Every structure is written in structure tokens, then in C-alpha cells.
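Worksheet: one structure, shown below.
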Amino acid sequence: MGVANEEAIKQFQSLMEQVDEPLKNTFKNLHRGYPIETLARFLKARDRSVAKAHKMLIDCLQWRIQNEIDHILAGLPVIAIGVGLSTFDKASVHYYVQSHIQMNEYRDCVILPSATKKHGRHIDTCLKVLDMTGLKLSALNQIKLLSAISTIDDLNYPEKTETYYIVNVPYVFSACWKVVKPLLQERTRRKIQVLQGCGRDELLKIMDYGSLPHFCRKEGSGSSRHYGNGNANDCFSLDHAFHQQLYNYIKQQALLMEPNPLTKQSSVHVDVPEPSLDDAKIAKTIETEFHKFENQNGLKVTSD
């Protein structure tokens, strides 16, 4: 860490020492023993501006308090599955937002601390592999939901993803990507890699075969449609070890907080921050490109 970064961290720490007790408490839940690294993430997300990073963090902590995010893993789990083969139009938006936040919190509470312990060094970021198999024009109907999830990540879980690898890309995605890519910030563009086919060969340079998602394992026929929902090797399946561990963890946390038998609960309604002007412009551009593609091919965008 350079001298300038060290000074910025010290200034940031000094500001955080002045916040009230509720904010300090939720900050502890956020940093989980690594306050310096957490402050560094927020600084990176705001181009090293202490004032902007401080505002971002305070807004994040207030969002966590107002929406009781520290206790979101103590409610009944809701699991959303897939990207291209998503079912975003099959349930309430609130369920998908809740599910996404639960997975973020589980990653930060359980998965990353376990990786830190296993490898003997602090690990607080991850890689994401996005399967675009089955992506079609009806995805236009879910742009607002995807934008909401992206905004939550940008403002409340900054710099948690090192790289996004996008695989099994259909033409409709490629057409939009050419237009959207120039609109992204350089820092964001560097994080996104669109791979050929299922991406197996490229991904094997950074992970072993056992870590590959099922849709990346067979070149030429590695899309997720080749795996049934009941297959425990299918990472979209509820039978997959990750989903089972997440589900059981949340049930255990719910029992610790409320000893009474679990009952059916409604989704958690989390306040979704307004997207930035840049993000809103990108969402609008995607929508426009989908409509162009629709008109060129004589197709009609409908919900599945």
C-alpha cells in the first residue's frame, strides 16, 4: 500500500470513528474483522476520494440498518436460479432481490472467511461466471430487475468481484455488448471478459477442472440445457451442494433467532437505491438495442 493510500485510509478511519454506535455496529458486521481492507474497497470504488468513499460507506451502513440486512440470513431462504435460463418473471421482484442479497451475505459471512482460513491469507473477492444460454428477447422484461440488483451491488458490495466471465453467448447478447461496452467505466470494462463458447479452455488457466461450473465443462455442448434440474452436478439445481448448504445455514440462523417452528413468510422488501445516471443510460441503451433487434428480425418481445 502506497503512502498516499495509507494517508487516505487514516483519514477514512478517523471519519468512521466519529459515526454513531448503530453505524459502528453494522460496520463491524460488514468488515468481519478486516476494517482496513473494507475501507480500501470503498476507496477503490470511488477513485480514492475519501469524501466520496465515506459518503458511500455511510449510505451503505444506513441501508443495512433500515433494511435489517444484518439479519437477512435469519429468514427463510429464497433461491433464484440462472441467467440466460432465468425465471425472473415467475415470482415477485422482492423475492429475487432478497435472494441476491442473501447470497451476497452468505458469500461474505461463510464462503470468503472459509477461503481465508483455508489459504492462510485474507480473501474478500470472488470470480463470477455468467451463463447466457437461453438468453432471448423476453429478457427485456427483466432489465429493471437486473438494474436494481446491479445497483445494490455497486453501492453496498463494492469491489467484491475481481472478474466477470461471460460464456455461451448468443447473438442477441453480442449485439448489445458492442453498444454497451463503450459506455462502461474503464475500471468496469477491465473486469468483464466475454469468452468463446463455453469458456472451458480460458477458465482452466485460472481454475482446476473440478471448479468449473457444469455449463463450462463440455466444449461445443456445455450449455446448461444439457443438465436436468435434478442433477446434483448442475450448479443451477436446488440439489447442488451450494444451494443445500445455503438453505440449511439460513434455517439454522432462523432457529437461533426465533426458536418457534418455521412458518411461511413473505419476501423481505428491501429499499433499492436509485441507479446512477450512467447506469440508467446503460439500461436504456440495452432496451433500445433489444427493440432494434426485435424490429430487424420481425420478432415481438413477450414474457415466457
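Each chain in the C-alpha cells gets a letter, A, B and so on, in the order shown; residues start at 1 in every chain, and ligands are counted from 1 in the order they appear.
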
> If you run DSSP on the backbone, which residues of region 16-253 of chain A are strand (DSSP E or B), as a PyMOL selection string?
Replying inline: chain A and resi 126-131+161-167+192-194

Atoms kept (N, CA, C and O atoms) for selection, written as a compact mmCIF listing (two decimals), in the first residue's frame:
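Heads up, here's the output in result34.txt:
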# COMPACT_ATOMS: atom_id res chain seq x y z
N CYS A 126 -14.27 -12.39 -5.31
CA CYS A 126 -14.56 -13.64 -5.99
C CYS A 126 -14.56 -13.43 -7.50
O CYS A 126 -14.45 -12.30 -8.00
N LEU A 127 -14.67 -14.53 -8.23
CA LEU A 127 -14.87 -14.51 -9.68
C LEU A 127 -16.30 -14.93 -9.96
O LEU A 127 -16.87 -15.73 -9.22
N LYS A 128 -16.88 -14.39 -11.02
CA LYS A 128 -18.24 -14.79 -11.39
C LYS A 128 -18.25 -15.25 -12.83
O LYS A 128 -17.67 -14.61 -13.71
N VAL A 129 -18.92 -16.39 -13.07
CA VAL A 129 -19.08 -16.92 -14.42
C VAL A 129 -20.56 -16.88 -14.76
O VAL A 129 -21.38 -17.50 -14.08
N LEU A 130 -20.92 -16.11 -15.78
CA LEU A 130 -22.31 -15.92 -16.15
C LEU A 130 -22.64 -16.72 -17.40
O LEU A 130 -22.01 -16.53 -18.45
N ASP A 131 -23.61 -17.61 -17.29
CA ASP A 131 -24.03 -18.45 -18.41
C ASP A 131 -25.18 -17.78 -19.14
O ASP A 131 -26.25 -17.55 -18.57
N THR A 161 -16.13 -8.36 -6.72
CA THR A 161 -15.92 -9.27 -7.85
C THR A 161 -14.70 -8.84 -8.63
O THR A 161 -14.63 -7.71 -9.12
N GLU A 162 -13.71 -9.75 -8.73
CA GLU A 162 -12.49 -9.45 -9.47
C GLU A 162 -12.77 -9.40 -10.98
O GLU A 162 -12.36 -8.46 -11.67
N THR A 163 -13.45 -10.43 -11.48
CA THR A 163 -13.70 -10.55 -12.92
C THR A 163 -15.05 -11.23 -13.17
O THR A 163 -15.42 -12.16 -12.44
N TYR A 164 -15.75 -10.74 -14.18
CA TYR A 164 -16.97 -11.40 -14.65
C TYR A 164 -16.62 -12.11 -15.96
O TYR A 164 -16.22 -11.47 -16.94
N TYR A 165 -16.78 -13.43 -16.01
CA TYR A 165 -16.57 -14.20 -17.23
C TYR A 165 -17.94 -14.56 -17.81
O TYR A 165 -18.76 -15.18 -17.14
N ILE A 166 -18.18 -14.16 -19.05
CA ILE A 166 -19.47 -14.39 -19.69
C ILE A 166 -19.30 -15.45 -20.77
O ILE A 166 -18.44 -15.33 -21.65
N VAL A 167 -20.11 -16.51 -20.68
CA VAL A 167 -19.94 -17.66 -21.58
C VAL A 167 -21.27 -18.03 -22.25
O VAL A 167 -22.33 -17.56 -21.85
N ILE A 192 -14.76 -7.30 -17.15
CA ILE A 192 -15.67 -8.15 -17.93
C ILE A 192 -14.94 -8.80 -19.09
O ILE A 192 -14.32 -8.12 -19.91
N GLN A 193 -15.01 -10.13 -19.16
CA GLN A 193 -14.41 -10.87 -20.25
C GLN A 193 -15.46 -11.77 -20.88
O GLN A 193 -16.03 -12.63 -20.21
N VAL A 194 -15.72 -11.55 -22.16
CA VAL A 194 -16.66 -12.38 -22.91
C VAL A 194 -15.83 -13.47 -23.60
O VAL A 194 -14.98 -13.18 -24.44

> Counting only C-alpha atoms, what is within 10 Å of Ala53 (chain A), bar same-chain residues fewer than 2 positions away, as a ChimeraX atom specification?
Replying inline: /A:12,39-51,55-59

> Running DSSP on the backbone, which parts of region 10-209 of chain A land in helix (DSSP H, G or I), as JSON, numbers by chain?
Replying inline: {"A": [10, 11, 12, 13, 14, 15, 16, 21, 22, 23, 24, 25, 26, 27, 28, 29, 30, 31, 35, 36, 37, 38, 39, 40, 41, 42, 43, 44, 45, 50, 51, 52, 53, 54, 55, 56, 57, 58, 59, 60, 61, 62, 63, 64, 65, 66, 69, 70, 71, 72, 73, 74, 93, 94, 95, 96, 97, 98, 99, 100, 101, 102, 103, 104, 105, 106, 107, 108, 109, 110, 111, 112, 113, 114, 115, 116, 117, 118, 119, 137, 138, 139, 140, 141, 142, 143, 144, 145, 146, 147, 148, 149, 150, 151, 152, 153, 154, 155, 156, 171, 172, 173, 174, 175, 176, 177, 178, 179, 180, 181, 182, 183, 186, 187, 188, 189, 190, 191, 200, 201, 202, 203, 209]}

> How far is it from CA of Pro275 (chain A) to CA of Thr151 (chain A), in Å with one decimal?
Replying inline: 5.6 Å

> Of the residues A:Val110, A:Val169, A:Cys235, A:Cys198, which is the one nearest to Ser211 (chain A), using only C-alpha atoms?
Replying inline: A:Cys235

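Here CA of Val97 (chain A) and CA of Trp63 (chain A) stand 14.0 Å from one another.
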
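The nearest approach to His243 (chain A) among the residues A:His31, A:Leu23, A:His122, A:Gln102, with only C-alpha atoms taken into account, belongs to A:Gln102.
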
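Remark: for Phe290 (chain A), the closest of the candidate residues A:Gln13, A:Gln253, A:Ser174, A:Gln62 is A:Ser174 (distances computed over only C-alpha atoms).
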
Would you write out, as CSV, a table of all residues in region 146-189 of chain A that have an atom no more than 12 Å from an atom of region 105-108 of chain A, listing for each the closest atom pair and the distance in Å to one decimal, considering only C-alpha atoms and ordering rows by chain and rising residue number?
residue,atom,partner,partner_atom,distance
A:Asp153,CA,A:Glu105,CA,11.3
A:Asn156,CA,A:Glu105,CA,11.0
A:Tyr157,CA,A:Glu105,CA,9.5
A:Lys160,CA,A:Asp108,CA,9.2
A:Thr161,CA,A:Arg107,CA,11.3
